[in-house]
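Next comes model_4.txt, a file with compact mmCIF, N, CA, C and O atoms.
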# COMPACT_ATOMS: atom_id res chain seq x y z
N MET A 27 70.08 74.21 126.92
CA MET A 27 70.47 73.93 128.28
C MET A 27 69.60 74.78 129.21
O MET A 27 69.33 75.95 128.95
N ALA A 28 69.18 74.22 130.26
CA ALA A 28 68.29 74.89 131.20
C ALA A 28 69.09 75.77 132.15
O ALA A 28 70.21 75.46 132.52
N GLU A 29 68.47 76.86 132.53
CA GLU A 29 69.02 77.77 133.53
C GLU A 29 68.04 77.82 134.69
O GLU A 29 66.83 77.91 134.49
N VAL A 30 68.57 77.78 135.88
CA VAL A 30 67.73 77.90 137.07
C VAL A 30 67.94 79.30 137.61
O VAL A 30 69.05 79.72 137.90
N LEU A 31 66.83 80.03 137.72
CA LEU A 31 66.88 81.41 138.19
C LEU A 31 66.16 81.55 139.52
O LEU A 31 65.06 81.04 139.68
N GLN A 32 66.78 82.26 140.42
CA GLN A 32 66.11 82.56 141.68
C GLN A 32 65.79 84.04 141.66
O GLN A 32 66.67 84.89 141.49
N LEU A 33 64.52 84.36 141.84
CA LEU A 33 64.07 85.74 141.82
C LEU A 33 64.23 86.37 143.20
O LEU A 33 64.47 85.67 144.20
N SER A 34 64.07 87.66 143.28
CA SER A 34 64.27 88.38 144.54
C SER A 34 63.27 87.96 145.62
O SER A 34 63.55 88.12 146.80
N ASP A 35 62.11 87.41 145.22
CA ASP A 35 61.13 86.94 146.22
C ASP A 35 61.47 85.54 146.75
O ASP A 35 60.75 85.00 147.58
N GLY A 36 62.56 84.96 146.25
CA GLY A 36 62.99 83.64 146.69
C GLY A 36 62.49 82.50 145.84
O GLY A 36 62.93 81.36 146.00
N SER A 37 61.59 82.76 144.91
CA SER A 37 61.07 81.69 144.06
C SER A 37 62.13 81.27 143.03
O SER A 37 62.94 82.07 142.60
N VAL A 38 62.10 80.00 142.69
CA VAL A 38 63.06 79.42 141.76
C VAL A 38 62.32 79.00 140.49
O VAL A 38 61.26 78.36 140.58
N HIS A 39 62.89 79.33 139.34
CA HIS A 39 62.26 79.02 138.05
C HIS A 39 63.31 78.43 137.12
O HIS A 39 64.46 78.86 137.11
N THR A 40 62.88 77.46 136.32
CA THR A 40 63.76 76.86 135.32
C THR A 40 63.39 77.43 133.95
O THR A 40 62.22 77.41 133.56
N VAL A 41 64.39 77.93 133.28
CA VAL A 41 64.19 78.53 131.96
C VAL A 41 64.97 77.71 130.94
O VAL A 41 66.19 77.56 131.05
N PHE A 42 64.26 77.18 129.96
CA PHE A 42 64.89 76.37 128.92
C PHE A 42 65.23 77.18 127.67
O PHE A 42 66.21 76.91 127.00
N ASP A 43 64.39 78.15 127.34
CA ASP A 43 64.62 78.94 126.13
C ASP A 43 63.99 80.32 126.29
O ASP A 43 63.47 80.66 127.36
N ILE A 44 64.00 81.08 125.22
CA ILE A 44 63.50 82.47 125.27
C ILE A 44 62.00 82.50 125.57
O ILE A 44 61.52 83.41 126.24
N ARG A 45 61.26 81.49 125.10
CA ARG A 45 59.82 81.46 125.38
C ARG A 45 59.56 81.37 126.87
O ARG A 45 58.69 82.06 127.41
N ASP A 46 60.32 80.50 127.54
CA ASP A 46 60.16 80.36 128.99
C ASP A 46 60.48 81.68 129.70
O ASP A 46 59.79 82.08 130.64
N MET A 47 61.55 82.35 129.24
CA MET A 47 61.92 83.62 129.85
C MET A 47 60.83 84.67 129.63
O MET A 47 60.49 85.42 130.53
N MET A 48 60.28 84.69 128.41
CA MET A 48 59.23 85.67 128.12
C MET A 48 57.98 85.40 128.96
O MET A 48 57.35 86.34 129.44
N GLU A 49 57.65 84.14 129.18
CA GLU A 49 56.50 83.81 130.04
C GLU A 49 56.77 84.22 131.48
O GLU A 49 55.88 84.75 132.16
N LEU A 50 57.98 84.00 131.95
CA LEU A 50 58.35 84.40 133.30
C LEU A 50 58.25 85.92 133.46
O LEU A 50 57.71 86.43 134.44
N ILE A 51 58.74 86.63 132.47
CA ILE A 51 58.65 88.10 132.50
C ILE A 51 57.19 88.52 132.50
O ILE A 51 56.79 89.41 133.25
N ASP A 52 56.39 87.89 131.65
CA ASP A 52 54.96 88.21 131.57
C ASP A 52 54.28 87.94 132.91
O ASP A 52 53.50 88.76 133.41
N ASP A 53 54.58 86.80 133.54
CA ASP A 53 53.98 86.43 134.83
C ASP A 53 54.42 87.36 135.96
O ASP A 53 53.61 87.76 136.79
N ARG A 54 55.70 87.67 136.02
CA ARG A 54 56.24 88.42 137.16
C ARG A 54 56.25 89.92 136.97
O ARG A 54 56.07 90.67 137.93
N LEU A 55 56.51 90.39 135.74
CA LEU A 55 56.61 91.84 135.51
C LEU A 55 55.41 92.41 134.77
O LEU A 55 55.21 93.61 134.77
N GLY A 56 54.69 91.55 134.10
CA GLY A 56 53.50 92.00 133.40
C GLY A 56 53.68 92.08 131.89
O GLY A 56 54.79 92.01 131.36
N TYR A 57 52.55 92.23 131.23
CA TYR A 57 52.51 92.23 129.78
C TYR A 57 53.32 93.39 129.20
O TYR A 57 54.00 93.23 128.18
N GLU A 58 53.26 94.56 129.79
CA GLU A 58 53.98 95.73 129.27
C GLU A 58 55.48 95.49 129.22
O GLU A 58 56.15 95.85 128.25
N ALA A 59 56.03 94.88 130.26
CA ALA A 59 57.46 94.58 130.29
C ALA A 59 57.82 93.58 129.20
O ALA A 59 58.83 93.72 128.52
N ARG A 60 56.97 92.58 129.02
CA ARG A 60 57.21 91.58 127.97
C ARG A 60 57.18 92.23 126.60
O ARG A 60 58.04 91.98 125.76
N ARG A 61 56.17 93.06 126.37
CA ARG A 61 56.03 93.73 125.08
C ARG A 61 57.24 94.62 124.81
O ARG A 61 57.79 94.65 123.71
N TRP A 62 57.68 95.37 125.84
CA TRP A 62 58.86 96.23 125.68
C TRP A 62 60.08 95.41 125.29
O TRP A 62 60.81 95.78 124.37
N LEU A 63 60.30 94.27 125.95
CA LEU A 63 61.45 93.42 125.66
C LEU A 63 61.36 92.85 124.25
O LEU A 63 62.36 92.80 123.52
N GLU A 64 60.18 92.42 123.85
CA GLU A 64 60.01 91.90 122.49
C GLU A 64 60.32 92.96 121.45
O GLU A 64 61.00 92.68 120.45
N GLU A 65 59.85 94.18 121.67
CA GLU A 65 60.14 95.27 120.74
C GLU A 65 61.64 95.59 120.72
O GLU A 65 62.22 95.83 119.67
N TYR A 66 62.25 95.56 121.88
CA TYR A 66 63.69 95.83 121.98
C TYR A 66 64.48 94.77 121.21
O TYR A 66 65.41 95.09 120.47
N LEU A 67 64.10 93.51 121.36
CA LEU A 67 64.79 92.44 120.65
C LEU A 67 64.54 92.53 119.15
O LEU A 67 65.42 92.20 118.35
N THR A 68 63.37 92.96 118.74
CA THR A 68 63.06 93.14 117.32
C THR A 68 63.94 94.23 116.73
O THR A 68 64.41 94.10 115.60
N GLU A 69 64.19 95.29 117.49
CA GLU A 69 65.08 96.35 117.01
C GLU A 69 66.46 95.80 116.75
O GLU A 69 67.11 96.16 115.78
N ASP A 70 66.93 94.87 117.59
CA ASP A 70 68.24 94.25 117.37
C ASP A 70 68.24 93.45 116.08
O ASP A 70 69.24 93.42 115.37
N ASP A 71 67.11 92.80 115.77
CA ASP A 71 67.02 92.08 114.50
C ASP A 71 67.15 93.04 113.33
O ASP A 71 67.79 92.73 112.33
N ASP A 72 66.52 94.22 113.46
CA ASP A 72 66.63 95.23 112.41
C ASP A 72 68.08 95.68 112.25
O ASP A 72 68.56 95.89 111.14
N LEU A 73 68.79 95.80 113.36
CA LEU A 73 70.21 96.17 113.29
C LEU A 73 71.01 95.07 112.61
O LEU A 73 71.95 95.36 111.86
N GLY A 74 70.64 93.83 112.85
CA GLY A 74 71.32 92.72 112.17
C GLY A 74 71.11 92.78 110.67
O GLY A 74 72.03 92.54 109.89
N ASP A 75 69.87 93.10 110.26
CA ASP A 75 69.58 93.25 108.83
C ASP A 75 70.38 94.41 108.25
O ASP A 75 70.92 94.31 107.15
N TYR A 76 70.46 95.50 109.00
CA TYR A 76 71.22 96.67 108.56
C TYR A 76 72.70 96.31 108.39
O TYR A 76 73.32 96.65 107.39
N ALA A 77 73.24 95.57 109.35
CA ALA A 77 74.65 95.16 109.27
C ALA A 77 74.86 94.25 108.07
O ALA A 77 75.87 94.37 107.36
N SER A 78 73.92 93.36 107.82
CA SER A 78 74.03 92.46 106.67
C SER A 78 74.01 93.25 105.36
O SER A 78 74.79 92.97 104.44
N ASP A 79 73.13 94.25 105.28
CA ASP A 79 73.07 95.10 104.10
C ASP A 79 74.38 95.86 103.91
O ASP A 79 74.87 96.00 102.78
N LEU A 80 74.96 96.35 105.01
CA LEU A 80 76.23 97.06 104.91
C LEU A 80 77.35 96.13 104.44
O LEU A 80 78.19 96.54 103.63
N GLU A 81 77.34 94.90 104.91
CA GLU A 81 78.36 93.94 104.48
C GLU A 81 78.25 93.68 102.98
O GLU A 81 79.26 93.60 102.28
N LYS A 82 77.03 93.56 102.46
CA LYS A 82 76.83 93.37 101.03
C LYS A 82 77.33 94.58 100.25
O LYS A 82 77.96 94.45 99.20
N GLU A 83 77.03 95.78 100.77
CA GLU A 83 77.47 97.00 100.10
C GLU A 83 78.99 97.09 100.09
O GLU A 83 79.60 97.44 99.07
N VAL A 84 79.63 96.74 101.20
CA VAL A 84 81.09 96.77 101.28
C VAL A 84 81.68 95.78 100.28
O VAL A 84 82.67 96.09 99.60
N GLU A 85 81.10 94.60 100.16
CA GLU A 85 81.60 93.62 99.20
C GLU A 85 81.47 94.15 97.77
O GLU A 85 82.36 93.95 96.94
N GLY A 86 80.38 94.85 97.47
CA GLY A 86 80.22 95.46 96.15
C GLY A 86 81.28 96.51 95.88
O GLY A 86 81.83 96.57 94.77
N VAL A 87 81.58 97.31 96.89
CA VAL A 87 82.62 98.33 96.74
C VAL A 87 83.98 97.68 96.53
O VAL A 87 84.77 98.11 95.68
N ARG A 88 84.27 96.63 97.28
CA ARG A 88 85.54 95.91 97.11
C ARG A 88 85.66 95.34 95.70
O ARG A 88 86.72 95.41 95.07
N SER A 89 84.58 94.74 95.23
CA SER A 89 84.59 94.15 93.89
C SER A 89 84.84 95.23 92.84
O SER A 89 85.65 95.04 91.92
N HIS A 90 84.17 96.36 92.97
CA HIS A 90 84.37 97.47 92.04
C HIS A 90 85.81 97.97 92.11
O HIS A 90 86.43 98.24 91.07
N HIS A 91 86.35 98.08 93.31
CA HIS A 91 87.72 98.54 93.49
C HIS A 91 88.70 97.60 92.79
O HIS A 91 89.64 98.05 92.11
N ARG A 92 88.47 96.29 92.93
CA ARG A 92 89.34 95.31 92.24
C ARG A 92 89.27 95.49 90.73
O ARG A 92 90.29 95.45 90.04
N GLU A 93 88.06 95.70 90.19
CA GLU A 93 87.91 95.88 88.75
C GLU A 93 88.65 97.12 88.28
O GLU A 93 89.35 97.09 87.26
N VAL A 94 88.53 98.21 89.01
CA VAL A 94 89.21 99.46 88.64
C VAL A 94 90.72 99.27 88.71
O VAL A 94 91.45 99.67 87.80
N MET A 95 91.20 98.64 89.78
CA MET A 95 92.65 98.43 89.92
C MET A 95 93.18 97.53 88.81
O MET A 95 94.26 97.78 88.26
N ASN A 96 92.42 96.51 88.43
CA ASN A 96 92.85 95.64 87.33
C ASN A 96 92.90 96.42 86.01
O ASN A 96 93.83 96.24 85.22
N SER A 97 91.92 97.28 85.77
CA SER A 97 91.93 98.10 84.55
C SER A 97 93.14 99.03 84.53
O SER A 97 93.82 99.16 83.49
N LEU A 98 93.43 99.66 85.66
CA LEU A 98 94.59 100.55 85.73
C LEU A 98 95.89 99.76 85.53
O LEU A 98 96.81 100.23 84.84
N ARG A 99 95.97 98.57 86.11
CA ARG A 99 97.17 97.74 85.95
C ARG A 99 97.37 97.36 84.48
O ARG A 99 98.48 97.45 83.95
N GLU A 100 96.30 96.98 83.80
CA GLU A 100 96.40 96.61 82.39
C GLU A 100 96.91 97.78 81.55
O GLU A 100 97.80 97.60 80.70
N GLU A 101 96.36 98.96 81.79
CA GLU A 101 96.79 100.13 81.02
C GLU A 101 98.24 100.51 81.33
O GLU A 101 99.01 100.87 80.44
N SER A 102 98.63 100.40 82.60
CA SER A 102 100.02 100.74 82.95
C SER A 102 100.98 99.72 82.36
O SER A 102 102.10 100.07 81.96
N GLU A 103 100.59 98.46 82.25
CA GLU A 103 101.42 97.45 81.60
C GLU A 103 101.59 97.77 80.11
O GLU A 103 102.67 97.59 79.55
N LYS A 104 100.51 98.23 79.47
CA LYS A 104 100.60 98.63 78.06
C LYS A 104 101.61 99.77 77.90
O LYS A 104 102.43 99.76 76.99
N ILE A 105 101.53 100.75 78.79
CA ILE A 105 102.46 101.88 78.73
C ILE A 105 103.89 101.39 78.94
O ILE A 105 104.81 101.80 78.21
N ALA A 106 104.09 100.50 79.89
CA ALA A 106 105.44 99.97 80.15
C ALA A 106 105.99 99.25 78.92
O ALA A 106 107.17 99.41 78.57
N CYS A 107 105.15 98.46 78.25
CA CYS A 107 105.58 97.77 77.03
C CYS A 107 105.91 98.76 75.92
O CYS A 107 106.90 98.59 75.20
N LEU A 108 105.09 99.77 75.78
CA LEU A 108 105.34 100.78 74.73
C LEU A 108 106.64 101.53 74.99
O LEU A 108 107.39 101.83 74.05
N ILE A 109 106.94 101.83 76.23
CA ILE A 109 108.16 102.57 76.56
C ILE A 109 109.40 101.72 76.27
O ILE A 109 110.44 102.24 75.88
N ARG A 110 109.31 100.39 76.42
CA ARG A 110 110.45 99.51 76.19
C ARG A 110 110.79 99.35 74.71
O ARG A 110 111.87 98.90 74.38
N GLU A 111 109.86 99.67 73.85
CA GLU A 111 110.10 99.54 72.41
C GLU A 111 111.20 100.51 71.97
O GLU A 111 111.39 101.58 72.56
N LYS A 112 111.92 100.14 70.89
CA LYS A 112 112.96 101.02 70.36
C LYS A 112 112.38 102.34 69.89
O LYS A 112 112.93 103.41 70.15
N GLU A 113 111.29 102.24 69.16
CA GLU A 113 110.61 103.45 68.70
C GLU A 113 109.27 103.54 69.42
O GLU A 113 108.46 102.64 69.34
N ILE A 114 109.07 104.64 70.11
CA ILE A 114 107.85 104.83 70.90
C ILE A 114 106.72 105.27 69.97
O ILE A 114 106.86 106.24 69.23
N ASP A 115 105.62 104.54 70.02
CA ASP A 115 104.42 104.92 69.28
C ASP A 115 103.63 105.89 70.16
O ASP A 115 102.92 105.49 71.07
N ARG A 116 103.82 107.16 69.89
CA ARG A 116 103.22 108.19 70.74
C ARG A 116 101.69 108.12 70.75
O ARG A 116 101.06 108.42 71.75
N LYS A 117 101.11 107.71 69.64
CA LYS A 117 99.65 107.62 69.57
C LYS A 117 99.13 106.54 70.54
O LYS A 117 98.20 106.77 71.30
N GLN A 118 99.75 105.35 70.51
CA GLN A 118 99.34 104.28 71.42
C GLN A 118 99.62 104.66 72.87
O GLN A 118 98.81 104.38 73.77
N LEU A 119 100.75 105.31 73.10
CA LEU A 119 101.09 105.75 74.45
C LEU A 119 100.07 106.76 74.96
O LEU A 119 99.60 106.68 76.09
N SER A 120 99.70 107.70 74.10
CA SER A 120 98.71 108.70 74.48
C SER A 120 97.34 108.06 74.73
O SER A 120 96.62 108.44 75.66
N THR A 121 96.99 107.07 73.92
CA THR A 121 95.70 106.37 74.08
C THR A 121 95.65 105.65 75.43
O THR A 121 94.66 105.75 76.16
N ALA A 122 96.72 104.94 75.78
CA ALA A 122 96.76 104.22 77.06
C ALA A 122 96.70 105.20 78.23
O ALA A 122 95.98 104.98 79.21
N ALA A 123 97.46 106.29 78.14
CA ALA A 123 97.43 107.30 79.20
C ALA A 123 96.05 107.94 79.29
O ALA A 123 95.55 108.22 80.39
N GLY A 124 95.41 108.14 78.15
CA GLY A 124 94.06 108.69 78.13
C GLY A 124 93.06 107.77 78.80
O GLY A 124 92.15 108.22 79.51
N ARG A 125 93.21 106.45 78.60
CA ARG A 125 92.32 105.49 79.26
C ARG A 125 92.51 105.54 80.78
O ARG A 125 91.53 105.48 81.52
N ILE A 126 93.74 105.67 81.24
CA ILE A 126 93.98 105.81 82.68
C ILE A 126 93.31 107.08 83.19
O ILE A 126 92.67 107.07 84.24
N GLY A 127 93.45 108.16 82.44
CA GLY A 127 92.79 109.41 82.82
C GLY A 127 91.28 109.26 82.89
O GLY A 127 90.63 109.77 83.81
N THR A 128 90.70 108.54 81.93
CA THR A 128 89.25 108.33 81.92
C THR A 128 88.80 107.50 83.12
O THR A 128 87.81 107.82 83.77
N ILE A 129 89.55 106.43 83.40
CA ILE A 129 89.21 105.57 84.54
C ILE A 129 89.26 106.37 85.84
O ILE A 129 88.34 106.31 86.66
N THR A 130 90.34 107.12 86.05
CA THR A 130 90.47 107.87 87.31
C THR A 130 89.44 108.99 87.38
O THR A 130 88.89 109.26 88.45
N TRP A 131 89.14 109.66 86.24
CA TRP A 131 88.13 110.74 86.26
C TRP A 131 86.77 110.17 86.66
O TRP A 131 86.06 110.74 87.48
N ARG A 132 86.44 109.01 86.07
CA ARG A 132 85.15 108.38 86.37
C ARG A 132 85.04 108.03 87.85
O ARG A 132 84.01 108.25 88.50
N GLU A 133 86.12 107.52 88.43
CA GLU A 133 86.10 107.14 89.84
C GLU A 133 86.00 108.36 90.78
O GLU A 133 85.34 108.31 91.79
N VAL A 134 86.66 109.41 90.41
CA VAL A 134 86.65 110.61 91.25
C VAL A 134 85.29 111.31 91.18
O VAL A 134 84.81 111.85 92.18
N ASN A 135 84.64 111.24 90.05
CA ASN A 135 83.41 112.01 89.84
C ASN A 135 82.13 111.18 89.97
O ASN A 135 81.05 111.69 89.71
N VAL A 136 82.23 109.96 90.39
CA VAL A 136 81.01 109.13 90.56
C VAL A 136 80.57 109.16 91.98
O VAL A 136 81.20 109.32 92.91
Output the file's structure in the form of structure tokens.
Amino acid sequence: MAEVLQLSDGSVHTVFDIRDMMELIDDRLGYEARRWLEEYLTEDDDLGDYASDLEKEVEGVRSHHREVMNSLREESEKIACLIREKEIDRKQLSTAAGRIGTITWREVNV
């Protein structure tokens, strides 16, 4: 969509896209102003890339968190089943508790 701009000198210009705006800036303010704006907009692109990288990293952390929580849930379910038995198998109970300890130690120390 076109925009009609009136400059402070009274001249009217139609701008259809960023190219038209950059040409207007180049014509009215000079090459240095255009170059500065282009560099400024490029920095915003870099910030967009940075944000995208952060989003990917966050998704990786979430995925890892889900895996750890699922592992802890599985081990706690094993412990719950062992406790419900008439005779508690202390070796299996200790093994399951040890796995929970290993999982949490690994997460705290990584």
Residues within 7 Å of (67.5, 77.5, 131.9), counting only C-alpha atoms, listed as a PyMOL selection string: chain A and resi 27-30+40-43
Every residue of chain A that DSSP places in helix (DSSP H, G or I), as a ChimeraX atom specification: /A:44-55,57-110,116-135
Which of A:Asp52, A:Val136, A:Ile129, A:Ser37 sits closest to A:Val94 [using only N, CA, C and O atoms]: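 Smallest separation from A:Val94 among the options: A:Ile129.
Proximity of A:Met47, A:Val87, A:Val38, A:Ile105 to A:Leu119, computed with all atoms listed in the file, is greatest for A:Ile105.
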Length of the atom CA of A:Met48 to atom CA of A:Gly74 vector [Å]: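 Atom-to-atom, atom CA of A:Met48 to atom CA of A:Gly74, that is 21.2 Å.
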Using all atoms listed in the file: which of A:Arg88, A:Lys104, A:Arg45, A:Lys82 has the shortest distance to A:Ala122: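 Using all atoms listed in the file, A:Ala122 sits closest to A:Lys104.
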Atomic distance atom CA of A:Leu98 - atom CA of A:Ile126, expressed in Å with one decimal: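 About the pair atom CA of A:Leu98 and atom CA of A:Ile126: they are 6.1 Å apart.
For the pair atom CA of A:Thr130 and atom CA of A:Met95, the separation is 10.0 Å.
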Chain A: residues DSSP assigns to strand (DSSP E or B), reported as a PyMOL selection string: chain A and resi 29-32+38-41
Can you write just those residues out, N, CA, C and O atoms, as a PDB file, keeping the file's coordinate frame?
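File written: again.pdb
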ATOM      1  N   GLU A  29      68.470  76.860 132.530  1.00  0.00           N
ATOM      2  CA  GLU A  29      69.020  77.770 133.530  1.00  0.00           C
ATOM      3  C   GLU A  29      68.040  77.820 134.690  1.00  0.00           C
ATOM      4  O   GLU A  29      66.830  77.910 134.490  1.00  0.00           O
ATOM      5  N   VAL A  30      68.570  77.780 135.880  1.00  0.00           N
ATOM      6  CA  VAL A  30      67.730  77.900 137.070  1.00  0.00           C
ATOM      7  C   VAL A  30      67.940  79.300 137.610  1.00  0.00           C
ATOM      8  O   VAL A  30      69.050  79.720 137.900  1.00  0.00           O
ATOM      9  N   LEU A  31      66.830  80.030 137.720  1.00  0.00           N
ATOM     10  CA  LEU A  31      66.880  81.410 138.190  1.00  0.00           C
ATOM     11  C   LEU A  31      66.160  81.550 139.520  1.00  0.00           C
ATOM     12  O   LEU A  31      65.060  81.040 139.680  1.00  0.00           O
ATOM     13  N   GLN A  32      66.780  82.260 140.420  1.00  0.00           N
ATOM     14  CA  GLN A  32      66.110  82.560 141.680  1.00  0.00           C
ATOM     15  C   GLN A  32      65.790  84.040 141.660  1.00  0.00           C
ATOM     16  O   GLN A  32      66.670  84.890 141.490  1.00  0.00           O
ATOM     17  N   VAL A  38      62.100  80.000 142.690  1.00  0.00           N
ATOM     18  CA  VAL A  38      63.060  79.420 141.760  1.00  0.00           C
ATOM     19  C   VAL A  38      62.320  79.000 140.490  1.00  0.00           C
ATOM     20  O   VAL A  38      61.260  78.360 140.580  1.00  0.00           O
ATOM     21  N   HIS A  39      62.890  79.330 139.340  1.00  0.00           N
ATOM     22  CA  HIS A  39      62.260  79.020 138.050  1.00  0.00           C
ATOM     23  C   HIS A  39      63.310  78.430 137.120  1.00  0.00           C
ATOM     24  O   HIS A  39      64.460  78.860 137.110  1.00  0.00           O
ATOM     25  N   THR A  40      62.880  77.460 136.320  1.00  0.00           N
ATOM     26  CA  THR A  40      63.760  76.860 135.320  1.00  0.00           C
ATOM     27  C   THR A  40      63.390  77.430 133.950  1.00  0.00           C
ATOM     28  O   THR A  40      62.220  77.410 133.560  1.00  0.00           O
ATOM     29  N   VAL A  41      64.390  77.930 133.280  1.00  0.00           N
ATOM     30  CA  VAL A  41      64.190  78.530 131.960  1.00  0.00           C
ATOM     31  C   VAL A  41      64.970  77.710 130.940  1.00  0.00           C
ATOM     32  O   VAL A  41      66.190  77.560 131.050  1.00  0.00           O
TER      33      VAL A  41
END
Minimum-distance residue to A:Ala123, chosen among A:Glu93, A:Glu111, A:Tyr66, A:Glu101 (using only N, CA, C and O atoms):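 Answer, going by the shortest atom-to-atom distance: A:Glu101.
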Nearest-residue call for A:Ser97, choices A:Asp35, A:Trp62, A:Arg125, A:Ile109, using all atoms listed in the file: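 Comparing A:Asp35, A:Trp62, A:Arg125, A:Ile109 against A:Ser97, the winner is A:Arg125.
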Taking all heavy atoms as the atom set, what does stretch 95-102 of chain A look like once completed, written as a PDB file, keeping the file's coordinate frame?
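File result31.pdb, as written:
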ATOM      1  N   MET A  95      91.200  98.640  89.780  1.00  0.00           N
ATOM      2  CA  MET A  95      92.650  98.430  89.920  1.00  0.00           C
ATOM      3  C   MET A  95      93.180  97.530  88.810  1.00  0.00           C
ATOM      4  O   MET A  95      94.260  97.780  88.260  1.00  0.00           O
ATOM      5  CB  MET A  95      92.975  97.820  91.289  1.00  0.00           C
ATOM      6  CG  MET A  95      92.771  98.765  92.454  1.00  0.00           C
ATOM      7  SD  MET A  95      93.947 100.128  92.405  1.00  0.00           S
ATOM      8  CE  MET A  95      92.866 101.497  92.097  1.00  0.00           C
ATOM      9  N   ASN A  96      92.420  96.510  88.430  1.00  0.00           N
ATOM     10  CA  ASN A  96      92.850  95.640  87.330  1.00  0.00           C
ATOM     11  C   ASN A  96      92.900  96.420  86.010  1.00  0.00           C
ATOM     12  O   ASN A  96      93.830  96.240  85.220  1.00  0.00           O
ATOM     13  CB  ASN A  96      91.935  94.426  87.193  1.00  0.00           C
ATOM     14  CG  ASN A  96      92.205  93.375  88.238  1.00  0.00           C
ATOM     15  OD1 ASN A  96      93.334  93.244  88.718  1.00  0.00           O
ATOM     16  ND2 ASN A  96      91.189  92.618  88.606  1.00  0.00           N
ATOM     17  N   SER A  97      91.920  97.280  85.770  1.00  0.00           N
ATOM     18  CA  SER A  97      91.930  98.100  84.550  1.00  0.00           C
ATOM     19  C   SER A  97      93.140  99.030  84.530  1.00  0.00           C
ATOM     20  O   SER A  97      93.820  99.160  83.490  1.00  0.00           O
ATOM     21  CB  SER A  97      90.648  98.935  84.457  1.00  0.00           C
ATOM     22  OG  SER A  97      89.519  98.113  84.333  1.00  0.00           O
ATOM     23  N   LEU A  98      93.430  99.660  85.660  1.00  0.00           N
ATOM     24  CA  LEU A  98      94.590 100.550  85.730  1.00  0.00           C
ATOM     25  C   LEU A  98      95.890  99.760  85.530  1.00  0.00           C
ATOM     26  O   LEU A  98      96.810 100.230  84.840  1.00  0.00           O
ATOM     27  CB  LEU A  98      94.619 101.287  87.072  1.00  0.00           C
ATOM     28  CG  LEU A  98      93.533 102.341  87.272  1.00  0.00           C
ATOM     29  CD1 LEU A  98      93.561 102.854  88.710  1.00  0.00           C
ATOM     30  CD2 LEU A  98      93.696 103.490  86.284  1.00  0.00           C
ATOM     31  N   ARG A  99      95.970  98.570  86.110  1.00  0.00           N
ATOM     32  CA  ARG A  99      97.170  97.740  85.950  1.00  0.00           C
ATOM     33  C   ARG A  99      97.370  97.360  84.480  1.00  0.00           C
ATOM     34  O   ARG A  99      98.480  97.450  83.950  1.00  0.00           O
ATOM     35  CB  ARG A  99      97.064  96.480  86.806  1.00  0.00           C
ATOM     36  CG  ARG A  99      98.319  95.616  86.767  1.00  0.00           C
ATOM     37  CD  ARG A  99      98.155  94.315  87.549  1.00  0.00           C
ATOM     38  NE  ARG A  99      96.917  93.600  87.263  1.00  0.00           N
ATOM     39  CZ  ARG A  99      96.677  92.885  86.164  1.00  0.00           C
ATOM     40  NH1 ARG A  99      97.592  92.797  85.231  1.00  0.00           N
ATOM     41  NH2 ARG A  99      95.523  92.262  86.005  1.00  0.00           N
ATOM     42  N   GLU A 100      96.300  96.980  83.800  1.00  0.00           N
ATOM     43  CA  GLU A 100      96.400  96.610  82.390  1.00  0.00           C
ATOM     44  C   GLU A 100      96.910  97.780  81.550  1.00  0.00           C
ATOM     45  O   GLU A 100      97.800  97.600  80.700  1.00  0.00           O
ATOM     46  CB  GLU A 100      95.034  96.157  81.857  1.00  0.00           C
ATOM     47  CG  GLU A 100      94.583  94.812  82.379  1.00  0.00           C
ATOM     48  CD  GLU A 100      93.149  94.488  81.993  1.00  0.00           C
ATOM     49  OE1 GLU A 100      92.557  95.212  81.160  1.00  0.00           O
ATOM     50  OE2 GLU A 100      92.606  93.505  82.529  1.00  0.00           O
ATOM     51  N   GLU A 101      96.360  98.960  81.790  1.00  0.00           N
ATOM     52  CA  GLU A 101      96.790 100.130  81.020  1.00  0.00           C
ATOM     53  C   GLU A 101      98.240 100.510  81.330  1.00  0.00           C
ATOM     54  O   GLU A 101      99.010 100.870  80.440  1.00  0.00           O
ATOM     55  CB  GLU A 101      95.860 101.312  81.266  1.00  0.00           C
ATOM     56  CG  GLU A 101      94.445 101.102  80.770  1.00  0.00           C
ATOM     57  CD  GLU A 101      94.359 100.778  79.288  1.00  0.00           C
ATOM     58  OE1 GLU A 101      95.146 101.332  78.488  1.00  0.00           O
ATOM     59  OE2 GLU A 101      93.499  99.958  78.913  1.00  0.00           O
ATOM     60  N   SER A 102      98.630 100.400  82.600  1.00  0.00           N
ATOM     61  CA  SER A 102     100.020 100.740  82.950  1.00  0.00           C
ATOM     62  C   SER A 102     100.980  99.720  82.360  1.00  0.00           C
ATOM     63  O   SER A 102     102.100 100.070  81.960  1.00  0.00           O
ATOM     64  CB  SER A 102     100.190 100.840  84.461  1.00  0.00           C
ATOM     65  OG  SER A 102     100.029  99.587  85.075  1.00  0.00           O
TER      66      SER A 102
END
